[in-house]
Every structure is written in C-alpha cells, then in structure tokens.
>>> print(open('entry_0.csv').read())   # CSV, C-alpha atoms and all ligand atoms
chain,number,residue,atom,x,y,z
H,10,MET,CA,0.0,0.0,0.0
H,11,PRO,CA,1.4,3.5,-0.8
H,12,PRO,CA,0.3,5.8,2.0
H,13,LEU,CA,1.3,9.4,1.8
H,14,GLN,CA,3.2,9.8,5.0
H,15,THR,CA,3.8,13.5,4.9
H,16,LYS,CA,6.3,15.5,6.9
H,17,THR,CA,4.3,18.7,7.0
H,18,PRO,CA,6.6,21.6,7.2
H,19,LYS,CA,6.0,24.2,9.9
H,20,ILE,CA,5.8,27.0,7.4
H,21,LEU,CA,4.7,26.7,3.8
H,22,THR,CA,4.8,29.7,1.4
H,23,ALA,CA,2.0,30.3,-1.1
H,24,GLU,CA,4.6,29.7,-3.9
H,25,GLU,CA,5.6,26.4,-2.3
H,26,LEU,CA,2.0,25.3,-2.0
H,27,TYR,CA,1.3,26.4,-5.6
H,28,ALA,CA,4.3,24.4,-6.8
H,29,ILE,CA,2.7,21.3,-5.3
H,30,LEU,CA,-0.9,21.8,-6.4
H,31,LYS,CA,-0.6,23.6,-9.8
H,32,ASN,CA,-0.8,20.3,-11.8
H,33,ILE,CA,-4.3,19.5,-10.5
H,34,LYS,CA,-6.8,20.2,-13.2
H,35,LEU,CA,-10.0,18.4,-12.6
H,36,GLY,CA,-13.6,19.2,-13.5
H,37,GLY,CA,-14.9,21.3,-10.7
H,38,GLN,CA,-13.4,24.5,-9.2
H,39,VAL,CA,-12.8,22.6,-5.9
H,40,CYS,CA,-9.7,21.1,-7.5
H,41,HIS,CA,-8.2,24.0,-9.4
H,42,TYR,CA,-5.3,26.0,-7.9
H,43,SER,CA,-4.0,29.4,-8.9
H,44,LEU,CA,-1.2,31.3,-7.1
H,45,LYS,CA,-3.9,33.7,-5.8
H,46,LYS,CA,-5.9,30.8,-4.3
H,47,CYS,CA,-2.7,29.4,-2.7
H,48,GLU,CA,-2.0,32.9,-1.2
H,49,GLU,CA,-5.4,32.5,0.6
H,50,LEU,CA,-4.7,28.9,1.6
H,51,ALA,CA,-1.1,29.2,2.8
H,52,PRO,CA,-1.9,31.2,6.1
H,53,LEU,CA,-4.6,28.6,6.9
H,54,VAL,CA,-2.2,25.7,6.3
H,55,ASN,CA,0.4,27.4,8.6
H,56,GLU,CA,-2.2,28.0,11.3
H,57,VAL,CA,-3.3,24.4,11.3
H,58,ASN,CA,0.3,23.2,11.4
H,59,ALA,CA,1.1,25.5,14.4
H,60,LEU,CA,-2.0,24.3,16.3
H,61,LYS,CA,-1.2,20.7,15.6
H,62,ALA,CA,2.3,21.1,17.1
H,63,GLU,CA,0.9,23.0,20.1
H,64,GLN,CA,-1.8,20.4,20.9
H,65,ASP,CA,0.1,17.2,20.0
H,66,ALA,CA,-2.5,16.5,17.3
H,67,VAL,CA,-2.2,14.3,14.3
H,68,ILE,CA,-4.2,14.8,11.1
H,69,LEU,CA,-5.3,11.6,9.3
H,70,ALA,CA,-6.9,12.3,5.9
H,71,HIS,CA,-8.6,10.1,3.3
H,72,THR,CA,-7.4,10.5,-0.3
H,73,TYR,CA,-10.8,11.9,-1.3
H,74,VAL,CA,-10.5,15.2,0.8
H,75,VAL,CA,-9.4,18.4,-0.8
H,76,PRO,CA,-5.8,18.5,-1.9
H,77,GLU,CA,-4.8,21.5,0.3
H,78,ILE,CA,-5.5,19.2,3.3
H,79,LEU,CA,-3.6,16.2,1.8
H,80,TYR,CA,-0.5,18.2,0.8
H,81,GLY,CA,-0.6,21.1,3.4
H,82,VAL,CA,-1.5,19.6,6.8
H,83,ALA,CA,-2.1,15.8,6.7
H,84,ASP,CA,0.3,13.6,8.6
H,85,PHE,CA,-1.0,10.4,7.0
H,86,VAL,CA,-3.1,10.0,3.8
H,87,GLY,CA,-4.5,6.6,2.8
H,88,ASP,CA,-7.4,4.2,2.3
H,89,SER,CA,-9.7,3.1,5.1
H,90,TYR,CA,-7.5,0.2,6.0
H,91,GLY,CA,-4.3,2.2,6.2
H,92,LEU,CA,-6.1,5.0,8.1
H,93,SER,CA,-7.5,2.5,10.7
H,94,LYS,CA,-4.0,1.0,11.2
H,95,ASN,CA,-2.5,4.4,11.5
H,96,ALA,CA,-5.2,5.5,14.0
H,97,MET,CA,-4.3,2.5,16.1
H,98,SER,CA,-0.6,3.2,16.2
H,99,THR,CA,-0.4,7.0,16.4
H,100,PRO,CA,1.3,8.2,19.6
H,101,ALA,CA,-0.4,11.7,19.3
H,102,LYS,CA,-2.8,12.8,22.0
H,103,LYS,CA,-5.5,14.0,19.6
H,104,ILE,CA,-6.6,12.8,16.2
H,105,VAL,CA,-8.3,15.1,13.7
H,106,PHE,CA,-9.9,12.9,11.1
H,107,ALA,CA,-10.5,14.6,7.8
H,108,ALA,CA,-12.8,12.1,6.1
H,109,VAL,CA,-16.4,10.9,6.9
H,110,LYS,CA,-18.0,9.9,10.2
H,111,PHE,CA,-17.7,6.1,10.0
H,112,MET,CA,-13.9,6.5,9.6
H,113,GLY,CA,-13.7,8.8,12.7
H,114,GLU,CA,-15.8,6.3,14.6
H,115,THR,CA,-13.4,3.5,13.7
H,116,ALA,CA,-10.5,5.6,15.0
H,117,GLN,CA,-12.4,6.2,18.3
H,118,ILE,CA,-13.3,2.5,18.7
H,119,LEU,CA,-9.6,1.6,18.3
H,120,ASN,CA,-8.5,4.4,20.6
H,121,PRO,CA,-11.2,4.8,23.3
H,122,ASP,CA,-8.9,7.1,25.4
H,123,LYS,CA,-8.1,9.6,22.6
H,124,GLU,CA,-10.0,12.6,21.5
H,125,VAL,CA,-11.1,12.2,17.9
H,126,LEU,CA,-12.3,15.3,16.1
H,127,MET,CA,-14.2,15.4,12.8
H,128,PRO,CA,-14.1,18.7,10.8
H,129,ALA,CA,-16.5,17.5,8.1
H,130,LYS,CA,-19.6,19.7,7.7
H,131,ASP,CA,-21.5,16.6,6.5
H,132,GLY,CA,-19.7,13.3,7.4
H,133,GLY,CA,-22.4,11.1,5.8
H,134,CYS,CA,-21.8,8.3,3.4
H,135,THR,CA,-24.5,6.8,1.2
H,136,LEU,CA,-23.3,3.3,2.1
H,137,ALA,CA,-23.0,3.9,5.9
H,138,ASP,CA,-26.5,5.5,5.8
H,139,ALA,CA,-28.0,2.5,3.9
H,140,ILE,CA,-28.5,0.2,7.0
H,141,ASN,CA,-28.9,0.6,10.7
H,142,GLY,CA,-28.5,-1.7,13.7
H,143,SER,CA,-32.1,-2.8,14.0
H,144,GLU,CA,-32.2,-3.8,10.3
H,145,VAL,CA,-29.1,-6.0,10.9
H,146,ARG,CA,-30.7,-7.5,14.0
H,147,ARG,CA,-33.8,-8.4,11.8
H,148,LEU,CA,-31.6,-9.9,9.1
H,149,ARG,CA,-29.7,-12.0,11.7
H,150,GLN,CA,-33.0,-13.4,12.8
H,151,GLU,CA,-33.9,-14.2,9.2
H,152,PHE,CA,-30.5,-15.8,8.5
H,153,PRO,CA,-29.3,-17.2,11.9
H,154,ASP,CA,-26.8,-19.6,10.3
H,155,ARG,CA,-24.7,-17.0,8.4
H,156,THR,CA,-21.6,-15.1,9.4
H,157,PHE,CA,-22.4,-11.4,9.1
H,158,VAL,CA,-19.6,-9.5,7.3
H,159,CYS,CA,-19.8,-5.7,7.1
H,160,TYR,CA,-17.9,-3.3,5.0
H,161,ILE,CA,-16.0,-0.7,7.0
H,162,ASN,CA,-18.4,1.9,5.5
H,163,THR,CA,-21.0,1.3,8.2
H,164,THR,CA,-21.8,3.0,11.5
H,165,ALA,CA,-20.4,1.7,14.8
H,166,GLU,CA,-23.9,0.6,15.7
H,167,VAL,CA,-24.0,-1.7,12.6
H,168,LYS,CA,-20.4,-3.0,13.2
H,169,ALA,CA,-21.5,-3.9,16.8
H,170,GLU,CA,-24.2,-6.3,15.3
H,171,CYS,CA,-21.8,-8.0,12.8
H,172,ASP,CA,-19.1,-10.6,13.2
H,173,VAL,CA,-16.3,-9.4,10.9
H,174,CYS,CA,-15.5,-6.1,9.2
H,175,VAL,CA,-13.7,-5.7,5.8
H,176,THR,CA,-12.3,-2.8,3.8
H,177,SER,CA,-12.0,-2.6,0.0
H,178,ALA,CA,-8.3,-3.5,0.4
H,179,ASN,CA,-9.0,-6.9,2.0
H,180,VAL,CA,-12.6,-7.9,1.4
H,181,VAL,CA,-11.7,-11.0,-0.8
H,182,ARG,CA,-8.8,-12.1,1.4
H,183,VAL,CA,-10.8,-11.8,4.7
H,184,VAL,CA,-14.0,-13.6,3.3
H,185,GLU,CA,-11.8,-16.3,1.8
H,186,ARG,CA,-10.3,-17.0,5.3
H,187,ILE,CA,-13.6,-17.0,7.3
H,188,PRO,CA,-14.2,-20.7,8.0
H,189,ASP,CA,-18.0,-20.4,7.5
H,190,LYS,CA,-19.2,-21.0,4.0
H,191,LYS,CA,-22.5,-19.1,4.5
H,192,ILE,CA,-22.0,-15.3,4.6
H,193,TYR,CA,-24.3,-12.3,4.7
H,194,PHE,CA,-22.4,-9.3,3.3
H,195,LEU,CA,-23.6,-5.7,3.9
H,196,PRO,CA,-24.3,-3.0,2.9
H,197,ASP,CA,-22.8,-2.7,-0.6
H,198,LYS,CA,-24.6,-4.7,-3.3
H,199,PHE,CA,-21.9,-4.2,-5.9
H,200,MET,CA,-19.1,-5.0,-3.6
H,201,GLY,CA,-21.0,-8.2,-2.7
H,202,GLN,CA,-21.4,-9.1,-6.3
H,203,ASN,CA,-17.8,-8.3,-7.1
H,204,LEU,CA,-16.7,-10.5,-4.1
H,205,ILE,CA,-18.8,-13.4,-5.4
H,206,HIS,CA,-17.1,-13.2,-8.9
H,207,GLU,CA,-13.6,-12.9,-7.5
H,208,LEU,CA,-14.0,-15.8,-5.2
H,209,LYS,CA,-15.4,-17.9,-8.0
H,210,LYS,CA,-12.4,-17.0,-10.2
H,211,ARG,CA,-10.2,-18.2,-7.4
H,212,GLY,CA,-12.1,-21.5,-7.0
H,213,VAL,CA,-13.4,-20.6,-3.5
H,214,SER,CA,-16.8,-21.9,-2.8
H,215,LYS,CA,-19.0,-19.7,-0.6
H,216,ASP,CA,-22.7,-19.0,-0.4
H,217,ILE,CA,-23.0,-15.2,-0.2
H,218,LEU,CA,-26.1,-13.1,0.3
H,219,TYR,CA,-25.8,-9.3,0.2
H,220,PHE,CA,-27.8,-6.2,1.2
H,221,ASN,CA,-28.9,-3.6,-1.4
H,222,GLY,CA,-26.8,-0.4,-0.6
H,223,THR,CA,-24.8,1.4,-3.2
H,224,CYS,CA,-22.3,4.3,-3.2
H,225,ASP,CA,-23.8,7.3,-5.1
H,226,VAL,CA,-20.3,8.2,-6.4
H,227,HIS,CA,-19.2,4.9,-7.8
H,228,LYS,CA,-22.6,3.7,-9.1
H,229,GLU,CA,-22.4,6.4,-11.7
H,230,TYR,CA,-19.7,4.7,-13.8
H,231,THR,CA,-21.0,2.6,-16.7
H,232,LEU,CA,-19.7,-0.1,-19.0
H,233,GLU,CA,-20.4,2.3,-21.9
H,234,GLN,CA,-17.9,4.8,-20.5
H,235,VAL,CA,-15.3,2.1,-20.2
H,236,HIS,CA,-15.9,1.0,-23.8
H,237,LYS,CA,-15.7,4.6,-25.0
H,238,VAL,CA,-12.3,5.1,-23.4
H,239,ASN,CA,-11.2,1.7,-24.7
H,240,LEU,CA,-12.0,3.0,-28.2
H,241,GLU,CA,-10.5,6.4,-27.9
H,242,TYR,CA,-7.4,5.4,-25.8
H,243,PRO,CA,-6.7,1.8,-26.6
H,244,GLU,CA,-3.4,1.9,-24.5
H,245,ALA,CA,-5.1,3.3,-21.4
H,246,LYS,CA,-5.4,1.1,-18.3
H,247,VAL,CA,-8.8,1.0,-16.6
H,248,VAL,CA,-8.6,1.0,-12.8
H,249,SER,CA,-11.7,0.7,-10.7
H,250,HIS,CA,-12.9,0.6,-7.1
H,251,PRO,CA,-14.9,-2.5,-5.9
H,252,GLU,CA,-17.9,-0.2,-5.2
H,253,CYS,CA,-18.3,0.1,-9.0
H,254,LYS,CA,-20.9,-2.1,-10.8
H,255,PRO,CA,-19.7,-5.7,-11.5
H,256,GLU,CA,-19.7,-5.2,-15.3
H,257,VAL,CA,-17.4,-2.1,-14.9
H,258,CYS,CA,-15.1,-4.1,-12.6
H,259,GLU,CA,-15.1,-7.0,-15.0
H,260,ALA,CA,-14.0,-4.7,-17.9
H,261,SER,CA,-11.2,-3.2,-15.8
H,262,ASP,CA,-7.5,-4.0,-15.8
H,263,TYR,CA,-7.3,-3.7,-12.1
H,264,VAL,CA,-9.8,-3.5,-9.2
H,265,GLY,CA,-8.7,-2.4,-5.7
H,266,SER,CA,-8.9,0.0,-2.8
H,267,THR,CA,-7.9,3.6,-3.4
H,268,SER,CA,-4.4,3.0,-2.1
H,269,GLN,CA,-4.1,-0.2,-4.2
H,270,MET,CA,-5.3,1.6,-7.3
H,271,LEU,CA,-2.6,4.2,-6.8
H,272,GLN,CA,0.0,1.4,-6.2
H,273,TYR,CA,-1.1,-0.3,-9.4
H,274,MET,CA,-0.7,2.9,-11.3
H,275,ARG,CA,2.8,3.5,-9.8
H,276,LYS,CA,4.1,0.1,-10.9
H,277,THR,CA,2.4,-0.1,-14.3
H,278,ALA,CA,4.5,1.0,-17.3
H,279,ALA,CA,1.4,2.5,-19.1
H,280,ASP,CA,1.1,6.3,-19.1
H,281,GLN,CA,-2.7,6.7,-19.6
H,282,PHE,CA,-5.2,5.7,-16.9
H,283,LEU,CA,-8.9,5.8,-16.4
H,284,MET,CA,-9.4,6.0,-12.7
H,285,LEU,CA,-13.0,5.0,-11.8
H,286,THR,CA,-13.3,6.5,-8.3
H,287,GLU,CA,-13.6,9.8,-6.6
H,288,CYS,CA,-11.6,12.8,-8.0
H,289,GLY,CA,-9.3,12.8,-4.9
H,290,LEU,CA,-7.3,9.9,-6.4
H,291,SER,CA,-7.1,11.6,-9.7
H,292,ALA,CA,-5.7,14.7,-7.9
H,293,ARG,CA,-3.0,12.6,-6.2
H,294,LEU,CA,-2.1,11.1,-9.6
H,295,GLN,CA,-1.6,14.6,-11.1
H,296,VAL,CA,0.5,15.7,-8.2
H,297,GLU,CA,2.6,12.6,-7.6
H,298,PHE,CA,2.8,11.2,-11.1
H,299,PRO,CA,2.9,14.3,-13.4
H,300,GLU,CA,4.4,12.1,-16.2
H,301,LYS,CA,1.2,9.9,-16.3
H,302,HIS,CA,-2.0,11.0,-17.9
H,303,LEU,CA,-5.6,10.8,-16.8
H,304,VAL,CA,-8.3,10.0,-19.4
H,305,GLY,CA,-12.0,10.2,-18.9
H,306,THR,CA,-13.7,11.8,-15.9
H,307,CYS,CA,-14.0,11.4,-12.1
H,308,THR,CA,-16.8,12.1,-9.7
H,309,LEU,CA,-16.9,14.1,-6.4
H,310,CYS,CA,-18.0,12.8,-3.0
H,311,ASP,CA,-19.7,15.8,-1.4
H,312,TYR,CA,-19.3,14.3,2.1
H,313,MET,CA,-15.5,13.9,1.8
H,314,LYS,CA,-15.2,17.3,0.1
H,315,SER,CA,-17.1,18.9,3.1
H,316,ASN,CA,-13.8,19.0,5.0
H,317,ASP,CA,-11.8,22.2,4.8
H,318,LEU,CA,-9.0,24.1,6.5
H,319,HIS,CA,-11.3,26.5,8.3
H,320,ASP,CA,-13.2,23.7,10.0
H,321,ILE,CA,-9.9,22.0,11.0
H,322,ILE,CA,-8.9,25.2,12.7
H,323,ARG,CA,-12.3,25.5,14.3
H,324,VAL,CA,-12.3,22.0,15.7
H,325,LEU,CA,-8.7,22.4,17.0
H,326,LYS,CA,-9.4,25.8,18.6
H,327,HIS,CA,-13.0,25.5,19.8
H,328,PRO,CA,-14.2,21.9,19.6
H,329,THR,CA,-17.9,21.3,20.5
H,330,ASP,CA,-19.6,18.1,21.4
H,331,LYS,CA,-20.8,17.8,17.8
H,332,ASP,CA,-17.2,17.8,16.6
H,333,ARG,CA,-16.1,15.0,19.0
H,334,ILE,CA,-16.7,11.4,18.0
H,335,SER,CA,-18.3,9.6,20.9
H,336,VAL,CA,-19.3,6.0,20.5
H,337,PRO,CA,-21.2,4.6,23.6
H,338,PRO,CA,-19.1,2.1,25.5
H,339,SER,CA,-21.5,-0.8,25.0
H,340,ILE,CA,-21.4,-0.3,21.2
H,341,GLN,CA,-17.7,0.4,21.3
H,342,GLU,CA,-16.8,-2.9,22.8
H,343,LYS,CA,-18.8,-5.0,20.3
H,344,ALA,CA,-17.8,-3.0,17.3
H,345,LYS,CA,-14.1,-3.4,18.3
H,346,LYS,CA,-14.4,-7.2,18.2
H,347,CYS,CA,-15.8,-6.9,14.7
H,348,ILE,CA,-12.9,-4.7,13.6
H,349,GLU,CA,-10.3,-6.8,15.4
H,350,ALA,CA,-11.6,-9.9,13.6
H,351,MET,CA,-10.8,-8.1,10.3
H,352,PHE,CA,-7.2,-7.5,11.4
H,353,LEU,CA,-6.9,-11.1,12.4
H,354,TYR,CA,-7.9,-12.5,9.0
H,355,ALA,CA,-6.3,-9.7,6.9
H,356,GLU,CA,-2.9,-10.0,8.5
H,357,LYS,CA,-2.8,-13.8,8.9
V,401,LIG,P1,-11.0,3.0,0.3
V,401,LIG,O1,-10.9,2.3,1.6
V,401,LIG,O2,-10.6,2.1,-0.9
V,401,LIG,O3,-10.2,4.2,0.3
V,401,LIG,O4,-12.5,3.4,0.1
V,401,LIG,C1,-13.2,4.2,0.9
V,401,LIG,C2,-14.4,4.7,0.3
V,401,LIG,O5,-15.3,5.3,0.9
V,401,LIG,C3,-14.6,4.5,-1.2
V,401,LIG,O6,-15.7,5.1,-1.6
V,402,LIG,FE1,-19.3,6.9,1.0
V,402,LIG,FE2,-19.3,6.7,-1.6
V,402,LIG,FE3,-18.3,8.9,-0.4
V,402,LIG,FE4,-17.0,6.6,-0.3
V,402,LIG,S1,-17.4,7.8,-2.1
V,402,LIG,S2,-17.4,8.0,1.4
V,402,LIG,S3,-18.7,5.1,-0.2
V,402,LIG,S4,-20.5,8.2,-0.4
>>> encode(input="entry_0.csv", output="structure tokens", more="lines below")
Ligand code: 13P
Ligand code: SF4
Amino acid sequence: MPPLQTKTPKILTAEELYAILKNIKLGGQVCHYSLKKCEELAPLVNEVNALKAEQDAVILAHTYVVPEILYGVADFVGDSYGLSKNAMSTPAKKIVFAAVKFMGETAQILNPDKEVLMPAKDGGCTLADAINGSEVRRLRQEFPDRTFVCYINTTAEVKAECDVCVTSANVVRVVERIPDKKIYFLPDKFMGQNLIHELKKRGVSKDILYFNGTCDVHKEYTLEQVHKVNLEYPEAKVVSHPECKPEVCEASDYVGSTSQMLQYMRKTAADQFLMLTECGLSARLQVEFPEKHLVGTCTLCDYMKSNDLHDIIRVLKHPTDKDRISVPPSIQEKAKKCIEAMFLYAEK
C-alpha cells in the first residue's frame, strides 16, 4: 500500500503550496489552484500546522478530501485500511480525522482514550447510511446460520451487530479466510457481487447473500464509459474501485482500494489511466505522477469534500460536542471485536 506519509513543514509559502498543487486540473473549481488561491490557503495551512504542534494532534486524511489538506496539513493519507491501522498506532494525543464519520468512529473505537475530532460539515456516506443496527438484528433473525460481514463503510452501531469487518483493500482475502461457507455481506450490493465473482475465479466456494446499498459516487460509472475510453485510448489502463458495478469491474485491468489503485498505477508502465473512483485519487495522480495522464472523468463525493482548512482550525481551537466522536461504550466494545476480527484475518 502506498500511504502518503507526509512530513508537514512548519511554514509553507504560497509559492511552495502552488508548486505542489498547480498540476491539479479536474472538472470542478474545488480542484483548481492558482497562485492567488494558494495565497489565501497558505496562512490557513500554517495556522493548522502550528495548532497541531501546540496540541500534539495528528491529522489523518482520506485520499478523497481536498488537496490542500492532503499536501498542506495531513500527517497520513491513505485508504480506510491504512487509516485504521495508523489511527491505532499513532502516539499523538489527539486525532483530527479529515474524512467521513464512519472512519472517525473506527478511529475512536480503536483508541477509546483519545480525542477524535471530525471537521466534516457533512460526514455522511450513502453506504454507511444504507442500513442501521435494527435492520441488521432483523436480518440476523432471518439468517441465523450466516456469518455477518460488514464493509467498514458502516456505522459503529452496525459493526456492533456484525461478526467481521472488511475494507475494499482486504474484502476478498478476509472472506476467503472466514471458515464459515455461509456469509451475509452488507451494505454494498456491488461489492458483494464483485466479491462473489472474484471468489469464483479463485475457485473458492462460498454461499454469499448481500444487502442492497450502493455508493452514489461509484454507481455512476458505466460499461459504456469504459468502452468509449477503450476505443479512444486503446493503450489506457482502466482501474476501478470495488464499489463500482460488476460489469465495470469485469471490464477493468485492475480493481482495488484507493491505495491499491494508486499502487497499481505506480508500478504499471502504461502512461494513460482511467481511474474509476472519486476525484481525490485523480488529484493525487496529477501531483505525484505528473508524467502519467488521466483519461475520462472522475466524480466528487460531497461528504468527503465537506472537509476544509477553516473547519480543521475551528475543531482544534473551539471543539464542540458535535465535533467530537463519541461512541457509547456498549457499542464500542462489540464493534471493536468486529474490527479486530478483520485484522486477524487480513494479517494472517
Ligand atoms: P478505500 O478504503 O478504498 O479508500 O474506500 C473508501 C471509500 O469510501 C470508497 O468510496
Ligand atoms: Fe461513502 Fe461513496 Fe463517499 Fe466513499 S465515495 S465516502 S462510499 S459516499
């Protein structure tokens, strides 16, 4: 996995920030940088870095958040799996989690004694919002003989009702290692279908039922788009996230978590890529691999993009109860078992 383990400098000038971000040229204005914009951002970046040092705080950021967070203030950038592991091992007193709520909850469950702050204005996620604890309890009554596997994109309450958690980086590996043949996978329908195909390809026999949630960002990609790019750019590699539709994943050269997608691109000799995931990954590609070219489009996750530098300053200076992740102890304990089961299978 290729995390972006940043050494955030104490002081960053507008010119230095612009030099990092100037190659980002994606659809919306959110991801366009001029020197003027960097002159506005640099003082905020420096204020966050000063506050972080003062308060012994660490900033963990998902790849989908705005690039000024990734390259200006984050200490670690990665996928859900890398972020969970980093949250578990950080010696810092305080964690600021620039991502969405289920990721902050996971950090808090793994670090019950640390303060976890969420700057997101709207930390939702269409997958995490697709199912709640009482629905899982009902499903468990309906299918009492199945092992319940949940994607990490679920609330703590849902994790507390499930047996094993997975991330996009380890879903196949973990489910393959679960001794039970009968699995109920939730909440992502497409990831469930992709899991079934992949296990079949590997000759692993499992009987998997799945829930009907989808991610609004990834469900937008279609097979027609892939075919169009195949025709226009026959040399381009198609790289997709397992939240995409099964026909899209089947037509891709590689399927993996956001960090694995980046890693694939890093080690593949091709210089044109269609990245079927949120625009944050495309932005990283333009900054970290300026010699490689993006073809096609990307889509924005409004939840991830609702994190900004102003809110990071606000939660560091004047945190309110709303900014603090607080998982009730009874849920915390049960959800922790579910996440720990993932680590056990994933690392075995
Ligand atoms: P990753 O764990 O692959 O980064 O995915 C998280 C996510 O929310 C994808 O939509
Ligand atoms: Fe959730 Fe989709 Fe956004 Fe990922 S991209 S955080 S799955 S809504």
>>> closest_residue(input="entry_0.csv", among="H:Cys40, H:Met127, H:Leu92, H:Val105", to="H:Glu77", atoms="only C-alpha atoms")
H:Cys40
>>> residues_near_ligand(input="entry_0.csv", ligand="ligand LIG 401 (chain V)", cutoff="6 Å", atoms="all atoms listed in the file", output="PyMOL selection string")
chain H and resi 88-90+176-177+266-267
>>> residues_near_ligand(input="entry_0.csv", ligand="ligand LIG 402 (chain V)", cutoff="9 Å", atoms="all atoms listed in the file", output="NGL selection string")
:H and (73 or 108-109 or 111 or 132-138 or 162 or 197 or 223-228 or 252 or 286-287 or 308-314)
>>> atom_distance(input="entry_0.csv", atom1="atom CA of H:Lys123", atom2="atom CA of H:Lys343")
18.2 Å
>>> atom_distance(input="entry_0.csv", atom1="atom CA of H:Cys171", atom2="atom CA of H:Glu207")
22.4 Å
>>> residues_around(input="entry_0.csv", residues="H:Glu244", least_positions_apart="2", cutoff="12 Å", atoms="all atoms listed in the file", output="short mmCIF file (atom, residue, chain, number, x, y, z; two decimals) with C-alpha atoms, in the frame of the given file")
data_model
loop_
_atom_site.label_atom_id
_atom_site.label_comp_id
_atom_site.auth_asym_id
_atom_site.auth_seq_id
_atom_site.Cartn_x
_atom_site.Cartn_y
_atom_site.Cartn_z
CA VAL H 238 -12.30 5.10 -23.40
CA ASN H 239 -11.20 1.70 -24.70
CA LEU H 240 -12.00 3.00 -28.20
CA GLU H 241 -10.50 6.40 -27.90
CA TYR H 242 -7.40 5.40 -25.80
CA LYS H 246 -5.40 1.10 -18.30
CA VAL H 247 -8.80 1.00 -16.60
CA ASP H 262 -7.50 -4.00 -15.80
CA THR H 277 2.40 -0.10 -14.30
CA ALA H 278 4.50 1.00 -17.30
CA ALA H 279 1.40 2.50 -19.10
CA ASP H 280 1.10 6.30 -19.10
CA GLN H 281 -2.70 6.70 -19.60
CA PHE H 282 -5.20 5.70 -16.90
CA LEU H 283 -8.90 5.80 -16.40
CA HIS H 302 -2.00 11.00 -17.90
CA LEU H 303 -5.60 10.80 -16.80
CA VAL H 304 -8.30 10.00 -19.40
#
>>> closest_residue(input="entry_0.csv", among="H:Pro153, H:Gly142, H:Pro188, H:Pro243", to="H:Ala169", atoms="only C-alpha atoms")
H:Gly142
>>> closest_residue(input="entry_0.csv", among="H:Leu294, H:Val235, H:Val125, H:Ile161", to="H:Pro328", atoms="only C-alpha atoms")
H:Val125
